[in-house]
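Structure file entry_37.csv (CSV, C-alpha atoms and all ligand atoms) is printed below.
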chain,number,residue,atom,x,y,z
G,1,MET,CA,-4.5,-16.6,13.7
G,2,SER,CA,-6.6,-14.8,16.2
G,3,SER,CA,-4.7,-13.2,19.0
G,4,SER,CA,-5.0,-13.9,22.7
G,5,SER,CA,-7.1,-11.4,24.4
G,6,SER,CA,-7.1,-13.1,27.7
G,7,ALA,CA,-3.9,-11.8,29.2
G,8,SER,CA,-4.3,-11.5,32.9
G,9,SER,CA,-3.7,-7.9,33.5
G,10,LEU,CA,-5.3,-5.2,35.6
G,11,LEU,CA,-7.1,-2.5,33.9
G,12,HIS,CA,-6.3,0.8,35.4
G,13,VAL,CA,-7.7,3.8,33.7
G,14,THR,CA,-5.0,6.0,35.2
G,15,PHE,CA,-2.4,3.8,33.5
G,16,PHE,CA,-3.8,4.4,30.1
G,17,VAL,CA,-2.0,7.6,29.2
G,18,ALA,CA,1.4,6.4,30.6
G,19,VAL,CA,1.1,3.1,28.8
G,20,LEU,CA,0.4,4.8,25.5
G,21,VAL,CA,3.4,7.1,25.9
G,22,LEU,CA,5.6,4.1,26.7
G,23,LEU,CA,4.2,2.2,23.7
G,24,LEU,CA,4.9,5.0,21.3
G,25,PHE,CA,8.1,6.4,22.6
G,26,PRO,CA,10.2,3.6,24.1
G,27,ALA,CA,13.7,4.5,25.1
G,28,SER,CA,15.1,2.0,22.6
G,29,SER,CA,13.3,3.2,19.6
G,30,SER,CA,15.0,5.3,17.0
G,31,ALA,CA,13.6,8.7,16.3
G,32,SER,CA,15.3,8.8,12.9
G,33,GLY,CA,13.0,9.0,10.0
G,34,SER,CA,15.4,8.0,7.3
G,35,GLY,CA,17.8,5.8,9.2
G,36,GLY,CA,21.6,5.7,9.1
G,37,ARG,CA,23.8,4.0,6.6
G,38,ARG,CA,26.0,1.2,7.7
G,39,GLY,CA,29.6,1.1,6.6
G,40,GLY,CA,31.4,-1.9,5.2
G,41,ARG,CA,29.6,-4.4,3.1
G,42,GLN,CA,26.2,-2.8,3.8
G,43,SER,CA,27.2,0.5,2.2
G,44,ASP,CA,27.1,-0.9,-1.3
G,45,LEU,CA,23.6,-2.2,-0.9
G,46,LEU,CA,22.1,1.2,-1.5
G,47,ARG,CA,23.4,3.2,-4.3
G,48,LEU,CA,21.6,6.4,-4.1
G,49,GLY,CA,22.4,7.7,-7.5
G,50,ALA,CA,20.2,9.0,-10.3
G,51,PRO,CA,16.6,8.2,-9.3
G,52,GLU,CA,15.6,7.2,-12.8
G,53,ALA,CA,18.0,4.3,-13.0
G,54,GLU,CA,16.5,1.1,-11.6
G,55,THR,CA,19.8,0.1,-10.1
G,56,ALA,CA,20.4,3.5,-8.5
G,57,ARG,CA,18.7,2.3,-5.3
G,58,ALA,CA,19.1,-1.4,-5.5
G,59,LEU,CA,19.5,-4.4,-3.3
G,60,ARG,CA,22.8,-6.0,-4.4
G,61,PHE,CA,25.0,-8.9,-3.4
G,62,SER,CA,28.4,-7.7,-2.1
G,63,ALA,CA,31.5,-9.0,-3.8
G,64,GLY,CA,32.5,-12.4,-2.4
G,65,SER,CA,29.7,-12.6,0.1
G,66,ALA,CA,26.2,-13.9,0.4
G,67,PHE,CA,23.0,-11.9,0.6
G,68,LYS,CA,21.5,-12.6,4.1
G,69,VAL,CA,17.8,-11.9,5.0
G,70,ALA,CA,16.2,-11.9,8.5
G,71,LEU,CA,12.4,-12.7,8.5
G,72,PHE,CA,10.5,-11.1,11.4
G,73,ALA,CA,7.1,-12.7,11.6
G,74,ASP,CA,4.1,-12.0,13.8
G,75,LEU,CA,5.5,-9.2,16.0
G,76,HIS,CA,2.0,-8.1,17.0
G,77,TYR,CA,3.1,-4.7,18.4
G,78,GLY,CA,0.3,-3.0,20.3
G,79,GLU,CA,-1.3,-6.2,21.7
G,80,ASN,CA,-3.5,-5.3,24.7
G,81,ALA,CA,-2.2,-1.8,24.4
G,82,TRP,CA,-4.3,-0.6,27.4
G,83,THR,CA,-2.7,-2.9,29.9
G,84,THR,CA,0.7,-3.2,31.5
G,85,TRP,CA,1.2,-6.6,30.0
G,86,GLY,CA,0.9,-5.5,26.4
G,87,PRO,CA,3.6,-2.8,26.3
G,88,ALA,CA,5.9,-5.0,28.3
G,89,GLN,CA,5.6,-7.6,25.5
G,90,ASP,CA,6.6,-5.0,22.9
G,91,GLY,CA,9.7,-4.3,24.9
G,92,ASN,CA,10.6,-8.0,24.7
G,93,SER,CA,10.0,-7.9,21.0
G,94,ASP,CA,12.4,-5.0,20.6
G,95,HIS,CA,14.9,-7.2,22.4
G,96,VAL,CA,14.4,-10.2,20.1
G,97,MET,CA,14.9,-8.2,17.0
G,98,ALA,CA,18.0,-6.3,18.4
G,99,GLY,CA,19.6,-9.6,19.3
G,100,VAL,CA,19.0,-11.2,15.9
G,101,LEU,CA,20.2,-8.2,14.0
G,102,ASP,CA,23.3,-7.7,16.1
G,103,ARG,CA,24.3,-11.4,15.9
G,104,GLU,CA,23.4,-12.0,12.2
G,105,SER,CA,24.1,-8.6,10.6
G,106,PRO,CA,21.6,-9.3,7.7
G,107,ASP,CA,21.7,-7.3,4.5
G,108,PHE,CA,17.9,-7.1,4.4
G,109,VAL,CA,14.9,-7.6,6.7
G,110,ILE,CA,11.5,-8.8,5.7
G,111,TYR,CA,8.5,-8.1,8.0
G,112,LEU,CA,6.3,-11.0,7.2
G,113,GLY,CA,2.9,-9.6,8.4
G,114,ASP,CA,1.1,-9.2,11.7
G,115,VAL,CA,3.5,-6.4,12.5
G,116,ILE,CA,0.8,-4.9,14.7
G,117,THR,CA,-2.3,-6.1,16.4
G,118,ALA,CA,-4.6,-3.3,15.1
G,119,ASN,CA,-7.7,-4.8,16.6
G,120,ASN,CA,-6.1,-4.0,20.0
G,121,LEU,CA,-5.1,-0.4,19.2
G,122,PRO,CA,-7.4,2.3,20.5
G,123,MET,CA,-6.0,5.1,18.4
G,124,ALA,CA,-6.6,6.8,15.1
G,125,ASN,CA,-3.1,6.3,13.7
G,126,ALA,CA,-1.6,2.8,14.1
G,127,SER,CA,1.4,3.9,12.0
G,128,LEU,CA,3.0,5.1,15.2
G,129,VAL,CA,3.0,1.6,16.5
G,130,TRP,CA,4.1,0.2,13.1
G,131,ASP,CA,7.0,2.6,13.1
G,132,ARG,CA,8.2,1.2,16.4
G,133,ALA,CA,8.3,-2.3,14.9
G,134,ILE,CA,10.6,-1.2,12.1
G,135,SER,CA,12.8,1.0,14.3
G,136,PRO,CA,15.4,-1.7,15.4
G,137,THR,CA,16.1,-2.4,11.7
G,138,ARG,CA,16.2,1.3,10.7
G,139,SER,CA,18.4,2.3,13.5
G,140,ARG,CA,21.0,-0.2,12.3
G,141,GLY,CA,20.9,1.2,8.8
G,142,ILE,CA,19.5,-2.1,7.3
G,143,PRO,CA,17.0,-1.9,4.5
G,144,TRP,CA,13.7,-3.7,4.8
G,145,ALA,CA,10.4,-4.6,3.2
G,146,THR,CA,7.0,-5.3,4.7
G,147,VAL,CA,4.0,-7.4,3.7
G,148,PHE,CA,0.6,-7.3,5.4
G,149,GLY,CA,-0.9,-9.9,7.7
G,150,ASN,CA,-4.4,-10.4,8.9
G,151,HIS,CA,-4.1,-8.3,12.1
G,152,ASP,CA,-2.4,-5.3,10.5
G,153,ASP,CA,-5.6,-3.4,9.6
G,154,ALA,CA,-8.1,-5.4,11.7
G,155,PRO,CA,-10.8,-3.1,13.1
G,156,PHE,CA,-10.6,-2.2,16.8
G,157,GLU,CA,-12.4,-4.7,19.0
G,158,TRP,CA,-13.8,-3.2,22.2
G,159,PRO,CA,-12.4,-5.1,25.2
G,160,PRO,CA,-15.2,-6.5,27.3
G,161,GLU,CA,-13.5,-5.5,30.5
G,162,TRP,CA,-13.9,-1.8,29.5
G,163,PHE,CA,-17.6,-2.3,30.2
G,164,SER,CA,-17.0,-3.3,33.8
G,165,ALA,CA,-16.9,-1.0,36.8
G,166,ALA,CA,-13.6,0.6,35.9
G,167,GLY,CA,-15.2,1.8,32.7
G,168,VAL,CA,-13.8,2.9,29.3
G,169,PRO,CA,-10.3,4.5,29.6
G,170,ARG,CA,-10.0,8.2,28.9
G,171,ARG,CA,-9.6,8.7,25.2
G,172,VAL,CA,-6.1,9.8,24.1
G,173,CYS,CA,-5.1,11.0,20.7
G,174,PRO,CA,-1.4,10.6,20.6
G,175,MET,CA,-0.9,12.7,17.5
G,176,VAL,CA,-1.8,15.8,19.4
G,177,ASN,CA,1.2,17.6,20.8
G,178,SER,CA,-0.4,19.1,23.9
G,179,SER,CA,0.2,18.9,27.6
G,180,CYS,CA,-3.5,18.1,27.9
G,181,PRO,CA,-4.0,15.6,25.2
G,182,THR,CA,-7.7,15.4,25.3
G,183,GLU,CA,-8.1,19.1,24.6
G,184,ASN,CA,-9.0,20.4,21.2
G,185,LEU,CA,-9.6,16.9,19.7
G,186,SER,CA,-12.2,16.5,17.1
G,187,GLU,CA,-14.4,13.5,17.1
G,188,GLU,CA,-12.6,12.3,14.0
G,189,ASP,CA,-9.2,12.4,15.7
G,190,CYS,CA,-10.3,10.3,18.5
G,191,ARG,CA,-12.2,7.6,16.7
G,192,PHE,CA,-10.8,4.1,17.1
G,193,LYS,CA,-11.3,3.5,13.5
G,194,GLY,CA,-8.1,1.7,12.7
G,195,THR,CA,-5.6,2.5,9.9
G,196,SER,CA,-6.0,1.1,6.5
G,197,ARG,CA,-3.4,-0.9,4.6
G,198,LEU,CA,-2.9,1.9,2.2
G,199,ASP,CA,-2.4,4.5,5.0
G,200,LEU,CA,0.0,2.2,6.9
G,201,MET,CA,2.1,1.7,3.7
G,202,ALA,CA,2.0,5.3,2.7
G,203,LYS,CA,3.3,6.4,6.1
G,204,GLU,CA,6.0,3.8,6.1
G,205,ILE,CA,7.3,4.7,2.7
G,206,GLU,CA,7.1,8.5,3.0
G,207,GLY,CA,9.3,8.6,6.1
G,208,ASN,CA,11.9,5.9,5.4
G,209,ALA,CA,14.6,5.9,2.8
G,210,LEU,CA,15.5,2.4,3.8
G,211,SER,CA,12.1,1.0,3.1
G,212,PHE,CA,11.7,-1.1,-0.1
G,213,SER,CA,8.0,-1.8,0.6
G,214,SER,CA,5.4,-0.9,-1.9
G,215,SER,CA,1.6,-0.8,-2.0
G,216,GLY,CA,1.6,-2.5,-5.4
G,217,PRO,CA,-0.9,-2.0,-8.2
G,218,ILE,CA,-4.0,-0.2,-7.1
G,219,GLU,CA,-6.1,-2.5,-9.3
G,220,LEU,CA,-5.4,-5.3,-6.7
G,221,TRP,CA,-7.0,-3.3,-3.9
G,222,PRO,CA,-8.2,-4.2,-1.2
G,223,SER,CA,-5.0,-6.3,-1.4
G,224,VAL,CA,-2.0,-4.1,-0.7
G,225,SER,CA,1.7,-4.9,-0.6
G,226,ASN,CA,2.0,-6.9,-3.8
G,227,TYR,CA,5.3,-6.2,-5.4
G,228,VAL,CA,8.6,-7.7,-6.5
G,229,LEU,CA,12.2,-6.7,-5.6
G,230,LYS,CA,15.3,-7.5,-7.6
G,231,VAL,CA,18.6,-8.4,-6.0
G,232,PHE,CA,21.4,-7.5,-8.3
G,233,SER,CA,24.7,-9.1,-8.9
G,234,SER,CA,27.9,-7.9,-7.3
G,235,LYS,CA,29.7,-8.3,-10.6
G,236,ASP,CA,27.4,-7.0,-13.2
G,237,GLN,CA,25.5,-3.8,-12.5
G,238,ASP,CA,22.4,-4.8,-14.4
G,239,SER,CA,22.2,-8.5,-13.8
G,240,VAL,CA,19.5,-9.8,-11.5
G,241,VAL,CA,20.5,-12.8,-9.3
G,242,VAL,CA,17.2,-13.4,-7.5
G,243,LEU,CA,13.6,-12.0,-7.4
G,244,LEU,CA,11.8,-11.6,-4.2
G,245,TYR,CA,8.0,-11.6,-4.6
G,246,PHE,CA,5.7,-10.2,-1.9
G,247,LEU,CA,1.9,-11.0,-1.9
G,248,ASP,CA,-0.8,-9.9,0.5
G,249,SER,CA,-2.7,-13.0,1.7
G,250,GLY,CA,-5.5,-10.9,3.1
G,251,GLY,CA,-7.3,-11.0,6.4
G,252,GLY,CA,-8.4,-8.1,8.6
G,253,SER,CA,-10.5,-5.9,6.3
G,254,TYR,CA,-11.2,-8.6,3.7
G,255,PRO,CA,-11.0,-12.4,3.3
G,256,GLU,CA,-7.9,-14.4,3.9
G,257,VAL,CA,-7.1,-15.3,0.3
G,258,ILE,CA,-4.7,-14.7,-2.6
G,259,SER,CA,-7.1,-13.8,-5.3
G,260,ASN,CA,-7.2,-14.8,-8.9
G,261,ALA,CA,-6.3,-11.2,-9.8
G,262,GLN,CA,-3.1,-11.4,-7.7
G,263,ALA,CA,-2.2,-14.8,-9.3
G,264,GLN,CA,-2.7,-13.1,-12.7
G,265,TRP,CA,-0.6,-10.1,-11.7
G,266,PHE,CA,2.2,-12.5,-10.6
G,267,GLN,CA,2.0,-14.4,-13.9
G,268,GLN,CA,2.1,-11.2,-15.9
G,269,LYS,CA,5.0,-9.8,-13.8
G,270,THR,CA,7.1,-13.0,-14.2
G,271,GLN,CA,6.5,-13.0,-18.0
G,272,GLU,CA,7.7,-9.4,-18.1
G,273,ILE,CA,10.9,-9.7,-16.0
G,274,ASN,CA,11.8,-13.4,-16.1
G,275,PRO,CA,10.0,-15.0,-19.1
G,276,ASP,CA,12.3,-18.0,-19.4
G,277,SER,CA,12.5,-18.7,-15.7
G,278,THR,CA,16.2,-18.3,-15.5
G,279,ILE,CA,16.3,-16.1,-12.4
G,280,PRO,CA,15.4,-17.9,-9.1
G,281,GLU,CA,12.3,-16.6,-7.5
G,282,ILE,CA,11.3,-16.6,-3.8
G,283,ILE,CA,7.8,-15.9,-2.5
G,284,PHE,CA,6.8,-14.2,0.8
G,285,TRP,CA,3.2,-13.9,2.2
G,286,HIS,CA,1.7,-14.1,5.6
G,287,ILE,CA,-1.0,-16.8,5.7
G,288,PRO,CA,0.1,-20.2,4.5
G,289,SER,CA,-1.6,-21.5,1.4
G,290,ARG,CA,-3.7,-24.6,1.5
G,291,ALA,CA,-0.8,-26.6,0.1
G,292,TYR,CA,0.9,-26.3,3.5
G,293,LYS,CA,-1.7,-28.6,5.0
G,294,ARG,CA,-0.8,-31.3,2.5
G,295,VAL,CA,2.9,-31.3,3.5
G,296,ALA,CA,2.5,-30.7,7.2
G,297,PRO,CA,4.4,-33.2,9.4
G,298,SER,CA,2.2,-35.5,11.4
G,299,ARG,CA,1.3,-34.3,14.9
G,300,ILE,CA,2.1,-37.8,16.2
G,301,PHE,CA,5.4,-38.6,14.6
G,302,GLY,CA,6.7,-35.0,14.5
G,303,ILE,CA,9.0,-33.3,12.0
G,304,ARG,CA,11.0,-35.9,10.0
G,305,ARG,CA,13.2,-35.6,6.9
G,306,PRO,CA,12.8,-34.3,4.3
G,307,CYS,CA,11.0,-31.7,6.5
G,308,VAL,CA,13.2,-29.6,8.8
G,309,GLY,CA,12.1,-27.6,11.8
G,310,SER,CA,11.8,-27.6,15.6
G,311,ILE,CA,8.1,-27.0,16.5
G,312,ASN,CA,5.0,-28.6,15.1
G,313,LYS,CA,2.6,-27.6,17.8
G,314,GLU,CA,-0.6,-26.8,16.0
G,315,LYS,CA,-2.6,-27.3,12.8
G,316,VAL,CA,-1.9,-25.3,9.7
G,317,ALA,CA,-4.4,-22.4,9.6
G,318,PRO,CA,-4.4,-21.8,5.8
G,319,GLN,CA,-5.9,-19.3,3.5
G,320,GLU,CA,-9.7,-19.6,2.9
G,321,ALA,CA,-9.4,-20.7,-0.7
G,322,GLU,CA,-6.9,-21.5,-3.4
G,323,ARG,CA,-7.4,-19.4,-6.5
G,324,GLY,CA,-4.7,-20.7,-8.7
G,325,MET,CA,-1.5,-19.2,-7.2
G,326,MET,CA,0.1,-22.5,-6.2
G,327,ASP,CA,-0.4,-24.0,-9.6
G,328,ILE,CA,1.3,-21.1,-11.2
G,329,LEU,CA,4.2,-21.4,-8.7
G,330,LEU,CA,4.6,-25.1,-9.4
G,331,ASP,CA,4.7,-24.4,-13.2
G,332,ARG,CA,7.7,-22.2,-12.8
G,333,PRO,CA,11.0,-24.0,-12.3
G,334,SER,CA,12.5,-20.8,-11.0
G,335,VAL,CA,10.3,-20.7,-7.9
G,336,LYS,CA,12.4,-22.1,-5.1
G,337,ALA,CA,10.4,-21.5,-1.9
G,338,VAL,CA,7.5,-19.9,-0.2
G,339,PHE,CA,7.8,-18.3,3.3
G,340,ALA,CA,4.8,-17.7,5.5
G,341,GLY,CA,4.1,-16.7,9.1
G,342,HIS,CA,0.7,-16.7,10.8
G,343,ASN,CA,1.0,-20.0,12.7
G,344,HIS,CA,3.0,-19.1,15.7
G,345,GLY,CA,3.5,-22.7,16.8
G,346,LEU,CA,5.0,-24.0,13.5
G,347,ASP,CA,8.5,-23.3,12.2
G,348,TRP,CA,9.2,-26.1,9.7
G,349,CYS,CA,10.2,-26.3,6.0
G,350,CYS,CA,8.8,-29.1,3.9
G,351,PRO,CA,9.1,-29.9,0.2
G,352,TYR,CA,5.9,-29.6,-1.9
G,353,LYS,CA,6.6,-31.2,-5.2
G,354,LYS,CA,9.6,-29.2,-6.6
G,355,LEU,CA,9.5,-26.3,-4.2
G,356,TRP,CA,9.8,-25.7,-0.5
G,357,LEU,CA,7.1,-24.4,1.8
G,358,CYS,CA,8.5,-22.8,4.9
G,359,PHE,CA,7.2,-21.2,8.0
G,360,ALA,CA,9.1,-18.4,9.6
G,361,ARG,CA,9.5,-18.3,13.4
G,362,HIS,CA,7.3,-16.4,15.7
G,363,THR,CA,9.4,-13.3,16.5
G,364,GLY,CA,7.2,-11.1,18.6
G,365,TYR,CA,6.0,-11.4,22.2
G,366,GLY,CA,2.6,-10.2,21.1
G,367,GLY,CA,0.2,-12.8,19.7
G,368,TYR,CA,-0.8,-16.2,21.0
G,369,GLY,CA,1.6,-18.8,22.1
G,370,ASP,CA,4.7,-18.7,24.4
G,371,TRP,CA,7.1,-20.8,22.3
G,372,PRO,CA,10.6,-19.3,22.5
G,373,ARG,CA,11.0,-16.4,20.0
G,374,GLY,CA,13.3,-16.2,17.1
G,375,ALA,CA,13.7,-15.4,13.4
G,376,ARG,CA,14.1,-17.5,10.3
G,377,MET,CA,17.3,-16.5,8.4
G,378,LEU,CA,17.8,-16.9,4.7
G,379,GLU,CA,21.1,-16.7,3.0
G,380,MET,CA,21.7,-16.7,-0.7
G,381,SER,CA,24.9,-17.1,-2.5
G,382,GLU,CA,25.4,-15.7,-6.0
G,383,GLN,CA,27.5,-18.2,-8.0
G,384,PRO,CA,26.4,-20.9,-8.1
G,385,PHE,CA,23.1,-19.7,-6.8
G,386,ALA,CA,22.2,-21.4,-3.5
G,387,ILE,CA,19.7,-20.8,-0.6
G,388,ARG,CA,20.3,-21.8,3.0
G,389,SER,CA,18.1,-21.2,5.9
G,390,TRP,CA,18.2,-21.6,9.7
G,391,ILE,CA,16.5,-20.2,12.7
G,392,ARG,CA,18.2,-17.8,15.1
G,393,MET,CA,16.7,-17.8,18.6
G,394,GLU,CA,16.4,-15.0,21.0
G,395,ASP,CA,18.9,-16.7,23.3
G,396,GLY,CA,21.5,-16.7,20.4
G,397,SER,CA,21.2,-20.4,19.6
G,398,GLN,CA,20.8,-21.7,16.0
G,399,HIS,CA,18.9,-24.7,14.7
G,400,SER,CA,16.9,-26.1,11.8
G,401,ASP,CA,19.6,-25.5,9.1
G,402,VAL,CA,18.3,-26.5,5.7
G,403,ASP,CA,19.5,-26.2,2.1
G,404,LEU,CA,16.6,-24.9,0.0
G,405,THR,CA,18.5,-24.7,-3.3
G,406,CYS,CA,16.5,-27.6,-4.7
G,407,VAL,CA,14.3,-30.3,-3.4
G,408,THR,CA,16.1,-33.5,-2.5
G,409,ARG,CA,14.3,-36.4,-0.8
P,1,ZN,ZN,0.1,-13.6,14.1
Mind turning this structure into structure tokens?
Ligand SMILES: [Zn+2]
Amino acid sequence: MSSSSSASSLLHVTFFVAVLVLLLFPASSSASGSGGRRGGRQSDLLRLGAPEAETARALRFSAGSAFKVALFADLHYGENAWTTWGPAQDGNSDHVMAGVLDRESPDFVIYLGDVITANNLPMANASLVWDRAISPTRSRGIPWATVFGNHDDAPFEWPPEWFSAAGVPRRVCPMVNSSCPTENLSEEDCRFKGTSRLDLMAKEIEGNALSFSSSGPIELWPSVSNYVLKVFSSKDQDSVVVLLYFLDSGGGSYPEVISNAQAQWFQQKTQEINPDSTIPEIIFWHIPSRAYKRVAPSRIFGIRRPCVGSINKEKVAPQEAERGMMDILLDRPSVKAVFAGHNHGLDWCCPYKKLWLCFARHTGYGGYGDWPRGARMLEMSEQPFAIRSWIRMEDGSQHSDVDLTCVTR
């Protein structure tokens, strides 16, 4: 949904440079490009062997334990980047993620879109801000994947207050390593043109060995970040226990929709790797599909069984159209659940026919709404296959435990 641009903050042109420096180089962020490796059960997640083998660098259940995933949704780094308020929110978001990661020790992290608020970023390369958002995960040696939301490549929107007496802040190009950053800049360097989905993804992948993200098939452009990850068995090197599908639900540079082409890609991919629907499949995208509206709990009566959750504070803001994806998901008995972000004031899971539709939990301090922050957790066990989910809050509390293995009413 659209971000709040009404934060009450003073605009000081002299703050602009300092604020950008703080934004990009916080004391808590990791400077490591490839990230460390964790010992213990994390160490066998990544098997960096022969690159040609699919399982050489694989996500894998550890013997005797579950595979646990943290969902970080709607972080909105870079919100109101030119004020003191915005960068302070980013510091708070660092804190939320650090707390969840340290308490839960997940095996994997999924960034569920709106990682940054690109429409608030007056810089040529938003990858610098994106990199800060993934640094708490990277610095702990945890692998991750990202999928795009509607704000991640949204074009820069000129703040109206810049056209008041204080004027437009001095332009800064943070990529230039100079004591006088506005010297020697080309017009191109200093344009607030935003960073495309493809560029954001290319930068993430090139610098991070722990990233499992992918741009996906170029034929699906302008949709980027459509891909599938296999999580392998602890017992059998080549056996896949669960498939994680990521789809770009659009927004920003193009409409908020999962296209017919994406639906066809999904169908083709499933026929290729799971034709008889024997492997469970879980779906992740940013903007809820229209089916979420159908199952949404009543605003009057609140969240009741079989739905499970803690906040139901706004209407579902769904994709603009349904182009066949939900019917395909319903046709596949292997599809267990869909996870979406986007609505910061919703955190429920509800059954939709034979699968679960779940919201994550607003993780970042950027973006609209001041509901307490947290992260939806997802834990899968290998044999028998089961999925549990709960929400871990910034204050350490836990709520909304739900079994998503199958739909029971
Ligand atoms: Zn958002």
Find the distance between CA of Asn120 (chain G) and CA of Arg290 (chain G) and write it in Å to one decimal.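 Interatomic distance, CA of Asn120 (chain G) to CA of Arg290 (chain G): 27.8 Å.
Between ligand ZN 1 (chain P) and the candidates G:Val335, G:Ala360, G:Val240, G:Val231, the tightest atom-to-atom separation, counting all atoms listed in the file, involves G:Ala360.
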Rounded to one decimal in Å, what is the spacing between CA of Ser234 (chain G) and CA of Asp403 (chain G)?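 Calculated distance between CA of Ser234 (chain G) and CA of Asp403 (chain G) is 22.2 Å.
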Among the residues G:Tyr254, G:Phe163, G:Trp130, G:Phe148, the one that comes closest to ligand ZN 1 (chain P) [using only C-alpha atoms and all ligand atoms]: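 Nearest candidate to ligand ZN 1 (chain P) out of G:Tyr254, G:Phe163, G:Trp130, G:Phe148: G:Phe148.
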Residues within 12 Å of ligand ZN 1 (chain P) (all atoms listed in the file), as number ranges by chain? G: 1-4, 72-77, 79, 111-118, 148-152, 154, 251-252, 286-288, 317, 340-346, 360-369
Residue nearest Val242 (chain G) among G:Arg140, G:Lys336, G:Arg132, G:Lys203 (counting all atoms listed in the file):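 Under the stated criterion, the closest residue is G:Lys336.
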With distances taken over all atoms listed in the file, the candidate from G:Arg323, G:Arg332, G:Lys353, G:His399 nearest Ser259 (chain G) is G:Arg323
Show me the residues close to (7.2, -27.3, -5.0) - anything with an atom within 12 Å, counting all atoms listed in the file - and format the list as an MDAnalysis selection string. chainID G and resid 282:283 291:292 294:295 326:338 349:358 404:408
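Residues of protein, DNA and RNA with at least one atom no farther than 12 Å from (16.2, -6.7, 25.0) are, using all atoms listed in the file, Pro26, Ala27, Ser28, Ser29, Ala88, Gln89, Asp90, Gly91, Asn92, Ser93, Asp94, His95, Val96, Met97, Ala98, Gly99, Val100, Leu101, Asp102, Pro136, Gly364, Tyr365, Glu394 and Asp395 of chain G.
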Quick one: pull the distance between CA of Glu322 (chain G) and CA of Phe266 (chain G), Å, one decimal.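 Pair CA of Glu322 (chain G) / CA of Phe266 (chain G) returns 14.7 Å.
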In terms of the shortest atom-to-atom distance over all atoms listed in the file, which of G:Thr195, G:Ser213, G:Gln262, G:Ser289 is closest to Met123 (chain G)?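 Counting all atoms listed in the file, the residue closest to Met123 (chain G) is G:Thr195.
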Might you pull out every residue within 6 Å of Val69 (chain G), with only C-alpha atoms counted and same-chain residues fewer than 6 positions away left off, and present them as a list in words?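 The filter keeps Pro106, Phe108, Val109, Met377 and Leu378 of chain G.
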Between G:Pro159, G:Pro87, G:Pro384, G:Pro143, which has the minimum distance to Lys68 (chain G) (counting all atoms listed in the file)? G:Pro143
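Omitting Lys269 (chain G) and its sequence neighbours fewer than 6 positions away, and counting only C-alpha atoms, the residues within 10 Å are Tyr227, Val228, Tyr245, Ala263 and Pro275 of chain G.
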Kindly save the residues from that selection, with C-alpha atoms included, as a PDB file, in the frame of the given file.
ATOM      1  CA  TYR G 227       5.300  -6.200  -5.400  1.00  0.00           C
ATOM      2  CA  VAL G 228       8.600  -7.700  -6.500  1.00  0.00           C
ATOM      3  CA  TYR G 245       8.000 -11.600  -4.600  1.00  0.00           C
ATOM      4  CA  ALA G 263      -2.200 -14.800  -9.300  1.00  0.00           C
ATOM      5  CA  PRO G 275      10.000 -15.000 -19.100  1.00  0.00           C
TER       6      PRO G 275
END
Need the shell around Asp107 (chain G): protein/DNA/RNA residues with any atom at most 10 Å away, counting all atoms listed in the file. Skip same-chain ones fewer than 3 positions apart. Format as a VMD selection string? chain G and resid 41 to 43 45 59 to 62 66 to 70 101 104 141 to 144 379
Quick test: take region 128-152 of chain G, keep C-alpha atoms, and write it as a compact mmCIF listing (two decimals), in the first residue's frame.
# COMPACT_ATOMS: atom_id res chain seq x y z
CA LEU G 128 22.98 0.59 -1.11
CA VAL G 129 19.81 0.81 0.94
CA TRP G 130 18.70 -2.68 -0.11
CA ASP G 131 22.04 -3.99 1.11
CA ARG G 132 21.47 -2.54 4.56
CA ALA G 133 18.15 -4.37 4.80
CA ILE G 134 19.77 -7.75 4.18
CA SER G 135 22.81 -7.12 6.36
CA PRO G 136 21.35 -8.41 9.69
CA THR G 137 20.70 -11.77 8.01
CA ARG G 138 24.00 -11.86 6.17
CA SER G 139 26.06 -10.93 9.22
CA ARG G 140 24.62 -13.96 11.03
CA GLY G 141 25.51 -16.29 8.17
CA ILE G 142 21.90 -17.12 7.36
CA PRO G 143 20.93 -17.66 3.71
CA TRP G 144 17.99 -15.70 2.32
CA ALA G 145 15.78 -14.98 -0.69
CA THR G 146 13.99 -11.81 -1.78
CA VAL G 147 10.89 -11.08 -3.80
CA PHE G 148 9.81 -7.65 -5.02
CA GLY G 149 7.03 -5.47 -3.66
CA ASN G 150 5.33 -2.43 -5.10
CA HIS G 151 7.69 0.10 -3.48
CA ASP G 152 11.01 -1.50 -4.38
